[in-house]
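A.B. asks: Supplied in structure tokens, the structure appears directly below.
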Amino acid sequence: MPDRRSCSRSEPDARAVTTTTEQLAGALRQPQAYPHTPAEVGFEQTQMSLLFFAGDHVYKVKKPVNLGYLDYSTLEARKRFCEQEVALNRRLCEETYLGIVPIVHAEGGLRVEGDGPAVEYAVKMRRLPQDRMLDRLLEEGEATAAMLEVVARRIAAFHEKAQTDEDISRYGSIESIKYNTDENFDQTACRIGDTISRRDYEAIRAYTDSFMENHANLFERRIERGRIRDCHGDLHAAHVCMTDPVCVYDCIEFNDRFRYGDVASEVAFLAMDLDRLGRRDLSRAFVDAYVDTSGDDDAAALMTFYKCYRAYVRGKVEGFKLGDAMIADDVKRRTRWLARRYFLLARGYATEQGTLIIMSGLTGSGKSTIAPDLARLLSGTVISSDVIRKRLARREPEERVYEPFGKGLYSEEWTGRTYRAMMDAAEPVLAQGSCAILDASFLLKHQRRLAYDLAERTGARPLFVECTAPDEVLRARLAARARQDSASDGRPEILDGQRHIAEEAVEEEARATHVRVRTDQDRERLLEEVWRHL
């Protein structure tokens, strides 16, 4: 079995490896290093690899690292894993993986596909169209249920032919799965308080252990029915390209244990990623299409368990990057938040409890600016009073409505209708264990009671986020907003009216965790403060 290394690691030759890798990265970013001399060379890196985008081709070089669960520390090992990467990925992306090529010393520096003794090896691939990547299509709102049904049929056909035998099947046993989950918890214990809270760590661990204990017969049945296969192992949206046929690339080649597993776990991986990206509708469409195509009815019973497992693994892997000296500080900051996002998603699966964020504050206090940030962190849905109010009145969101404070669309009657409609919109989101973010002023007690009642009715965990800022900041924001397209009709006179009627939200009356934030402070510090209350 591979060792269970902690987050804190040290390799004897870490400094030498870093220097050599940096030199290689610099040399291969030069167009003259390639036989076709591209106009420019793009560069990206992961914890394990260096990627060079040279015209119509991509060259992937493995870093000389030993991370415990993978060992690329020798040139021989890197060559072997390059060969394995090509062979395995041709199962789902045949025409993309062209082979492995040597990197050699030549006059003027390192050369790719040159003659002579190899000092390194690279996997050579055809460059896939970026505008057809599933994560890009999701980001741009162009992904459809029909697309995910095509992916489901592709994966189901792959699983039907994927290798299985007695050795592979043992990776579906309770003992093997428990080894993997225990390893996850061991390797993330040092991240408690950084990327995962202790409460969430313990809740996820308790759920994981309990599910396996209570469903031993289900796991045994999966083995008996041949559902444990040599899978892709890393099936998330960024690894799916909607070409014809669909290309699913970058499978795990470095450790068979991470690739061998229940096909339901593989399906859950992409379903989880769709949930993370706020498309639970597409997640359901994908799972339903897979079950219909494969006839694997048992998969549905394991979906929440394996979604939780996959989200936790992704949080762990992102956390590993925080110790990589070659990754820039700004990338590490984004990585930390991404790890937190995965762990919060895993908590949601484990507890089957939605999260209700109740944004509150005077007009101009920053609620609508902070809400989308929290939505990204929590894979949540923002429900805006400004948008709902205009929709009820059959007006466009950006249409300005200059009503006196408390009159017309902002009368007590219209405001009541707006808040009730917000609760109606949030209820189905919370009922399925997701996150709803109510973006409204919530200045009055009876308005807050509507939200607290909703949380109790759906079993959601409520968090009351009160946004504040100095008066001069509020007025400056309102002046700037008047010059922009915005769903908000906030103006200085509205601010004054709100101050007059606002009822203080005190801890004694609150039925939710209450956090007060200054929105004129650094955004990351503000989000950090909210995260610690989640």
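Starting from 1 in every chain, residues are counted up; chains themselves are A, B, ... following the order of the structure tokens, and ligands are numbered from 1 as listed.
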Taking a cut-off of 12 Å and counting only C-alpha atoms, can you build a table that, for each residue of stretch 222-292 of chain A near stretch 429-449 of chain A, reports the nearest atom pair and how far apart they are in Å (one decimal), sorted by chain then residue number, as a tab-separated table?

C.D. replies:
```
residue	atom	partner	partner_atom	distance
A:Asp275	CA	A:Ser434	CA	8.9
A:Arg276	CA	A:Ser434	CA	10.1
A:Leu277	CA	A:Ser434	CA	11.9
A:Gly278	CA	A:Ser434	CA	9.3
A:Arg279	CA	A:Ser434	CA	10.9
A:Arg280	CA	A:Ser434	CA	9.0
A:Asp281	CA	A:Val429	CA	11.1
A:Arg284	CA	A:Gln432	CA	11.6
```

A.B. asks: Excluding same-chain residues fewer than 6 positions from A:Gly364, what lies within 10 Å of it counting only C-alpha atoms, as number ranges by chain?

C.D. replies: A: 467-469, 471, 473-481, 488, 490-492, 495, 519

A.B. asks: Stretch 191-204 of chain A: which residues within 10 Å, counting only C-alpha atoms, same-chain residues fewer than 5 positions away excluded, as an mmCIF file with N, CA and C atoms, in the first residue's frame?

C.D. replies:
```cif
data_model
loop_
_atom_site.group_PDB
_atom_site.id
_atom_site.type_symbol
_atom_site.label_atom_id
_atom_site.label_comp_id
_atom_site.auth_asym_id
_atom_site.auth_seq_id
_atom_site.Cartn_x
_atom_site.Cartn_y
_atom_site.Cartn_z
ATOM 1 N N SER A 6 1.540 13.226 5.217
ATOM 2 C CA SER A 6 0.756 14.358 5.714
ATOM 3 C C SER A 6 0.914 15.555 4.790
ATOM 4 N N CYS A 7 0.231 16.656 5.136
ATOM 5 C CA CYS A 7 0.344 17.882 4.351
ATOM 6 C C CYS A 7 1.747 18.461 4.439
ATOM 7 N N PHE A 185 -8.986 11.496 5.267
ATOM 8 C CA PHE A 185 -9.119 12.216 6.538
ATOM 9 C C PHE A 185 -7.754 12.399 7.210
ATOM 10 N N ASP A 209 -18.257 7.035 7.526
ATOM 11 C CA ASP A 209 -18.133 5.770 8.250
ATOM 12 C C ASP A 209 -19.499 5.116 8.458
ATOM 13 N N SER A 210 -20.485 5.915 8.787
ATOM 14 C CA SER A 210 -21.823 5.386 9.047
ATOM 15 C C SER A 210 -22.429 4.789 7.781
ATOM 16 N N CYS A 308 -20.014 12.959 -2.133
ATOM 17 C CA CYS A 308 -19.324 13.449 -0.938
ATOM 18 C C CYS A 308 -17.854 13.049 -0.984
ATOM 19 N N TYR A 309 -17.599 11.794 -1.301
ATOM 20 C CA TYR A 309 -16.225 11.288 -1.389
ATOM 21 C C TYR A 309 -15.423 12.067 -2.420
ATOM 22 N N TYR A 312 -14.668 15.647 -1.409
ATOM 23 C CA TYR A 312 -13.632 15.670 -0.362
ATOM 24 C C TYR A 312 -12.248 15.449 -0.974
ATOM 25 N N GLY A 315 -11.121 18.606 -2.606
ATOM 26 C CA GLY A 315 -10.672 19.565 -1.602
ATOM 27 C C GLY A 315 -9.297 19.215 -1.084
ATOM 28 N N LYS A 316 -9.042 17.939 -0.876
ATOM 29 C CA LYS A 316 -7.732 17.483 -0.412
ATOM 30 C C LYS A 316 -6.645 17.798 -1.435
ATOM 31 N N GLU A 318 -6.614 20.001 -3.884
ATOM 32 C CA GLU A 318 -6.350 21.443 -3.976
ATOM 33 C C GLU A 318 -5.504 21.895 -2.793
ATOM 34 N N GLY A 319 -5.768 21.343 -1.613
ATOM 35 C CA GLY A 319 -4.980 21.690 -0.436
ATOM 36 C C GLY A 319 -3.523 21.292 -0.564
ATOM 37 N N PHE A 320 -3.249 20.169 -1.235
ATOM 38 C CA PHE A 320 -1.864 19.746 -1.448
ATOM 39 C C PHE A 320 -1.054 20.822 -2.178
ATOM 40 N N THR A 335 -6.567 28.840 -4.900
ATOM 41 C CA THR A 335 -6.611 27.409 -4.604
ATOM 42 C C THR A 335 -7.208 27.148 -3.230
ATOM 43 N N ARG A 336 -6.844 27.965 -2.252
ATOM 44 C CA ARG A 336 -7.388 27.797 -0.901
ATOM 45 C C ARG A 336 -8.916 27.935 -0.915
ATOM 46 N N TRP A 337 -9.413 28.941 -1.641
ATOM 47 C CA TRP A 337 -10.860 29.131 -1.702
ATOM 48 C C TRP A 337 -11.538 27.993 -2.456
ATOM 49 N N LEU A 338 -10.875 27.460 -3.483
ATOM 50 C CA LEU A 338 -11.458 26.343 -4.212
ATOM 51 C C LEU A 338 -11.528 25.103 -3.325
ATOM 52 N N ALA A 339 -10.476 24.860 -2.538
ATOM 53 C CA ALA A 339 -10.494 23.731 -1.602
ATOM 54 C C ALA A 339 -11.646 23.887 -0.613
ATOM 55 N N ARG A 340 -11.824 25.084 -0.086
ATOM 56 C CA ARG A 340 -12.923 25.333 0.846
ATOM 57 C C ARG A 340 -14.267 25.074 0.186
ATOM 58 N N ARG A 341 -14.373 25.458 -1.065
ATOM 59 C CA ARG A 341 -15.631 25.259 -1.790
ATOM 60 C C ARG A 341 -15.958 23.774 -1.900
ATOM 61 N N TYR A 342 -14.960 22.964 -2.217
ATOM 62 C CA TYR A 342 -15.185 21.520 -2.319
ATOM 63 C C TYR A 342 -15.572 20.927 -0.969
ATOM 64 N N PHE A 343 -14.897 21.354 0.089
ATOM 65 C CA PHE A 343 -15.208 20.800 1.412
ATOM 66 C C PHE A 343 -16.613 21.200 1.867
ATOM 67 N N LEU A 344 -17.018 22.430 1.568
ATOM 68 C CA LEU A 344 -18.374 22.847 1.911
ATOM 69 C C LEU A 344 -19.415 22.043 1.124
ATOM 70 N N ALA A 346 -18.935 18.955 0.094
ATOM 71 C CA ALA A 346 -18.935 17.632 0.727
ATOM 72 C C ALA A 346 -19.781 17.643 1.995
ATOM 73 N N ARG A 347 -19.689 18.721 2.768
ATOM 74 C CA ARG A 347 -20.513 18.834 3.974
ATOM 75 C C ARG A 347 -21.996 18.789 3.635
ATOM 76 N N GLY A 348 -22.377 19.468 2.573
ATOM 77 C CA GLY A 348 -23.779 19.475 2.171
ATOM 78 C C GLY A 348 -24.285 18.079 1.848
ATOM 79 N N TYR A 349 -23.461 17.297 1.143
ATOM 80 C CA TYR A 349 -23.858 15.921 0.850
ATOM 81 C C TYR A 349 -23.960 15.100 2.137
ATOM 82 N N ALA A 350 -22.989 15.301 3.032
ATOM 83 C CA ALA A 350 -22.935 14.498 4.258
ATOM 84 C C ALA A 350 -24.117 14.782 5.182
ATOM 85 N N THR A 351 -24.486 16.033 5.278
ATOM 86 C CA THR A 351 -25.553 16.411 6.220
ATOM 87 C C THR A 351 -26.922 16.446 5.566
ATOM 88 N N GLU A 528 -13.264 35.679 4.390
ATOM 89 C CA GLU A 528 -12.661 34.819 5.411
ATOM 90 C C GLU A 528 -13.508 34.843 6.680
ATOM 91 N N TRP A 531 -16.633 32.845 6.022
ATOM 92 C CA TRP A 531 -16.327 31.411 5.942
ATOM 93 C C TRP A 531 -16.197 30.794 7.325
ATOM 94 N N ARG A 532 -15.620 31.510 8.249
ATOM 95 C CA ARG A 532 -15.402 30.948 9.585
ATOM 96 C C ARG A 532 -16.707 30.771 10.355
ATOM 97 N N HIS A 533 -17.789 31.362 9.865
ATOM 98 C CA HIS A 533 -19.091 31.167 10.503
ATOM 99 C C HIS A 533 -19.950 30.148 9.747
ATOM 100 N N LEU A 534 -19.460 29.683 8.615
ATOM 101 C CA LEU A 534 -20.259 28.745 7.822
ATOM 102 C C LEU A 534 -20.238 27.352 8.425
#
```

A.B. asks: From stretch 38-254 of chain A, collect each residue whose DSSP state is helix (DSSP H, G or I) and return the set as a PyMOL selection string.

C.D. replies: chain A and resi 75-89+130-132+134-139+145-161+166-172+174-191+198-214+216-224+237-239

A.B. asks: To one decimal in Å, tell me the separation between atom CA of A:Arg229 and atom CA of A:Ala143.

C.D. replies: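 Pair atom CA of A:Arg229 / atom CA of A:Ala143 returns 28.3 Å.
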
A.B. asks: Could you make a table, as a tab-separated table, of the residues of stretch 215-297 of chain A that have an atom within 6 Å of an atom of stretch 87-108 of chain A, each with its nearest atom pair and distance in Å to one decimal, counting only C-alpha atoms, in chain and number order?

C.D. replies:
```
residue	atom	partner	partner_atom	distance
A:Cys247	CA	A:Cys93	CA	4.8
A:Val248	CA	A:Leu92	CA	5.5
A:Tyr249	CA	A:Cys93	CA	5.9
```

A.B. asks: Where does DSSP see strand (DSSP E) in stretch 290-509 of chain A, if you list the residues as a PyMOL selection string?

C.D. replies: chain A and resi 355-360+381-384+435-439+461-468

A.B. asks: Since we have the selection now, will you write its residues out, keeping N, CA and C atoms, as a JSON list (two decimals), in the first residue's frame?

C.D. replies:
```
[["chain", "number", "residue", "atom", "x", "y", "z"],
["A", 355, "THR", "N", -28.09, 25.36, 3.01],
["A", 355, "THR", "CA", -27.58, 26.54, 3.71],
["A", 355, "THR", "C", -28.36, 27.77, 3.24],
["A", 356, "LEU", "N", -28.90, 28.54, 4.18],
["A", 356, "LEU", "CA", -29.62, 29.76, 3.85],
["A", 356, "LEU", "C", -28.81, 30.95, 4.32],
["A", 357, "ILE", "N", -28.34, 31.74, 3.36],
["A", 357, "ILE", "CA", -27.61, 32.96, 3.67],
["A", 357, "ILE", "C", -28.59, 34.13, 3.57],
["A", 358, "ILE", "N", -28.73, 34.87, 4.66],
["A", 358, "ILE", "CA", -29.64, 36.01, 4.69],
["A", 358, "ILE", "C", -28.79, 37.27, 4.69],
["A", 359, "MET", "N", -28.66, 37.88, 3.53],
["A", 359, "MET", "CA", -27.91, 39.12, 3.41],
["A", 359, "MET", "C", -28.77, 40.26, 3.94],
["A", 360, "SER", "N", -28.17, 41.16, 4.68],
["A", 360, "SER", "CA", -28.93, 42.27, 5.25],
["A", 360, "SER", "C", -28.08, 43.53, 5.24],
["A", 381, "THR", "N", -27.37, 29.76, -5.06],
["A", 381, "THR", "CA", -28.27, 30.51, -5.94],
["A", 381, "THR", "C", -28.62, 31.83, -5.27],
["A", 382, "VAL", "N", -28.33, 32.95, -5.93],
["A", 382, "VAL", "CA", -28.66, 34.26, -5.40],
["A", 382, "VAL", "C", -30.09, 34.61, -5.79],
["A", 383, "ILE", "N", -30.88, 34.99, -4.80],
["A", 383, "ILE", "CA", -32.27, 35.40, -5.02],
["A", 383, "ILE", "C", -32.36, 36.85, -4.58],
["A", 384, "SER", "N", -32.47, 37.75, -5.55],
["A", 384, "SER", "CA", -32.38, 39.18, -5.31],
["A", 384, "SER", "C", -33.75, 39.83, -5.20],
["A", 435, "CYS", "N", -27.70, 25.63, -1.53],
["A", 435, "CYS", "CA", -27.56, 26.92, -0.84],
["A", 435, "CYS", "C", -28.36, 28.00, -1.55],
["A", 436, "ALA", "N", -29.15, 28.73, -0.78],
["A", 436, "ALA", "CA", -29.89, 29.89, -1.30],
["A", 436, "ALA", "C", -29.39, 31.13, -0.58],
["A", 437, "ILE", "N", -29.15, 32.19, -1.35],
["A", 437, "ILE", "CA", -28.64, 33.44, -0.80],
["A", 437, "ILE", "C", -29.69, 34.52, -1.05],
["A", 438, "LEU", "N", -30.30, 34.97, 0.02],
["A", 438, "LEU", "CA", -31.35, 35.99, -0.07],
["A", 438, "LEU", "C", -30.71, 37.37, -0.01],
["A", 439, "ASP", "N", -30.76, 38.09, -1.11],
["A", 439, "ASP", "CA", -30.13, 39.40, -1.22],
["A", 439, "ASP", "C", -31.22, 40.47, -1.09],
["A", 461, "ARG", "N", -29.47, 25.27, 7.32],
["A", 461, "ARG", "CA", -28.67, 25.98, 8.32],
["A", 461, "ARG", "C", -28.62, 27.46, 7.94],
["A", 462, "PRO", "N", -29.16, 28.37, 8.78],
["A", 462, "PRO", "CA", -29.21, 29.78, 8.42],
["A", 462, "PRO", "C", -27.98, 30.56, 8.90],
["A", 463, "LEU", "N", -27.55, 31.50, 8.09],
["A", 463, "LEU", "CA", -26.48, 32.43, 8.47],
["A", 463, "LEU", "C", -26.93, 33.83, 8.09],
["A", 464, "PHE", "N", -26.98, 34.71, 9.09],
["A", 464, "PHE", "CA", -27.41, 36.10, 8.89],
["A", 464, "PHE", "C", -26.16, 36.97, 8.72],
["A", 465, "VAL", "N", -25.99, 37.54, 7.52],
["A", 465, "VAL", "CA", -24.81, 38.35, 7.22],
["A", 465, "VAL", "C", -25.25, 39.81, 7.12],
["A", 466, "GLU", "N", -24.87, 40.59, 8.11],
["A", 466, "GLU", "CA", -25.23, 42.00, 8.14],
["A", 466, "GLU", "C", -24.09, 42.82, 7.55],
["A", 467, "CYS", "N", -24.36, 43.50, 6.45],
["A", 467, "CYS", "CA", -23.34, 44.28, 5.75],
["A", 467, "CYS", "C", -23.40, 45.74, 6.22],
["A", 468, "THR", "N", -22.24, 46.29, 6.55],
["A", 468, "THR", "CA", -22.16, 47.67, 7.02],
["A", 468, "THR", "C", -21.02, 48.39, 6.32]]
```

A.B. asks: Would you compute the distance between atom CA of A:Gly459 and atom CA of A:Ser368? Give it in Å to one decimal.

C.D. replies: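 Separation of atom CA of A:Gly459 and atom CA of A:Ser368: 25.2 Å.
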
A.B. asks: For A:Asn255, work out the shell of residues within 7 Å, counting only C-alpha atoms and skipping chain neighbours fewer than 3 positions away, then give it as a PyMOL selection string.

C.D. replies: chain A and resi 69-70+252+258

A.B. asks: Just the number, please: distance in Å from atom CA of A:Tyr290 to atom CA of A:Ala152, one decimal.

C.D. replies: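 Computed distance, atom CA of A:Tyr290 to atom CA of A:Ala152, equals 4.8 Å.
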
A.B. asks: Extract, using only C-alpha atoms, all DNA, RNA and protein residues at most 7 Å from A:Arg259, discarding same-chain residues fewer than 6 positions from it, and format them as a list in words.

C.D. replies: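 Non-adjacent residues within range: Asp230, Cys231, His232, Gly233 and Ile252 of chain A.
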
A.B. asks: Taking only C-alpha atoms into account, which of A:Leu274, A:Leu374, A:Ala206, A:Gln45 comes nearest A:Leu137?

C.D. replies: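 Using only C-alpha atoms, the shortest distance to A:Leu137 belongs to A:Leu274.
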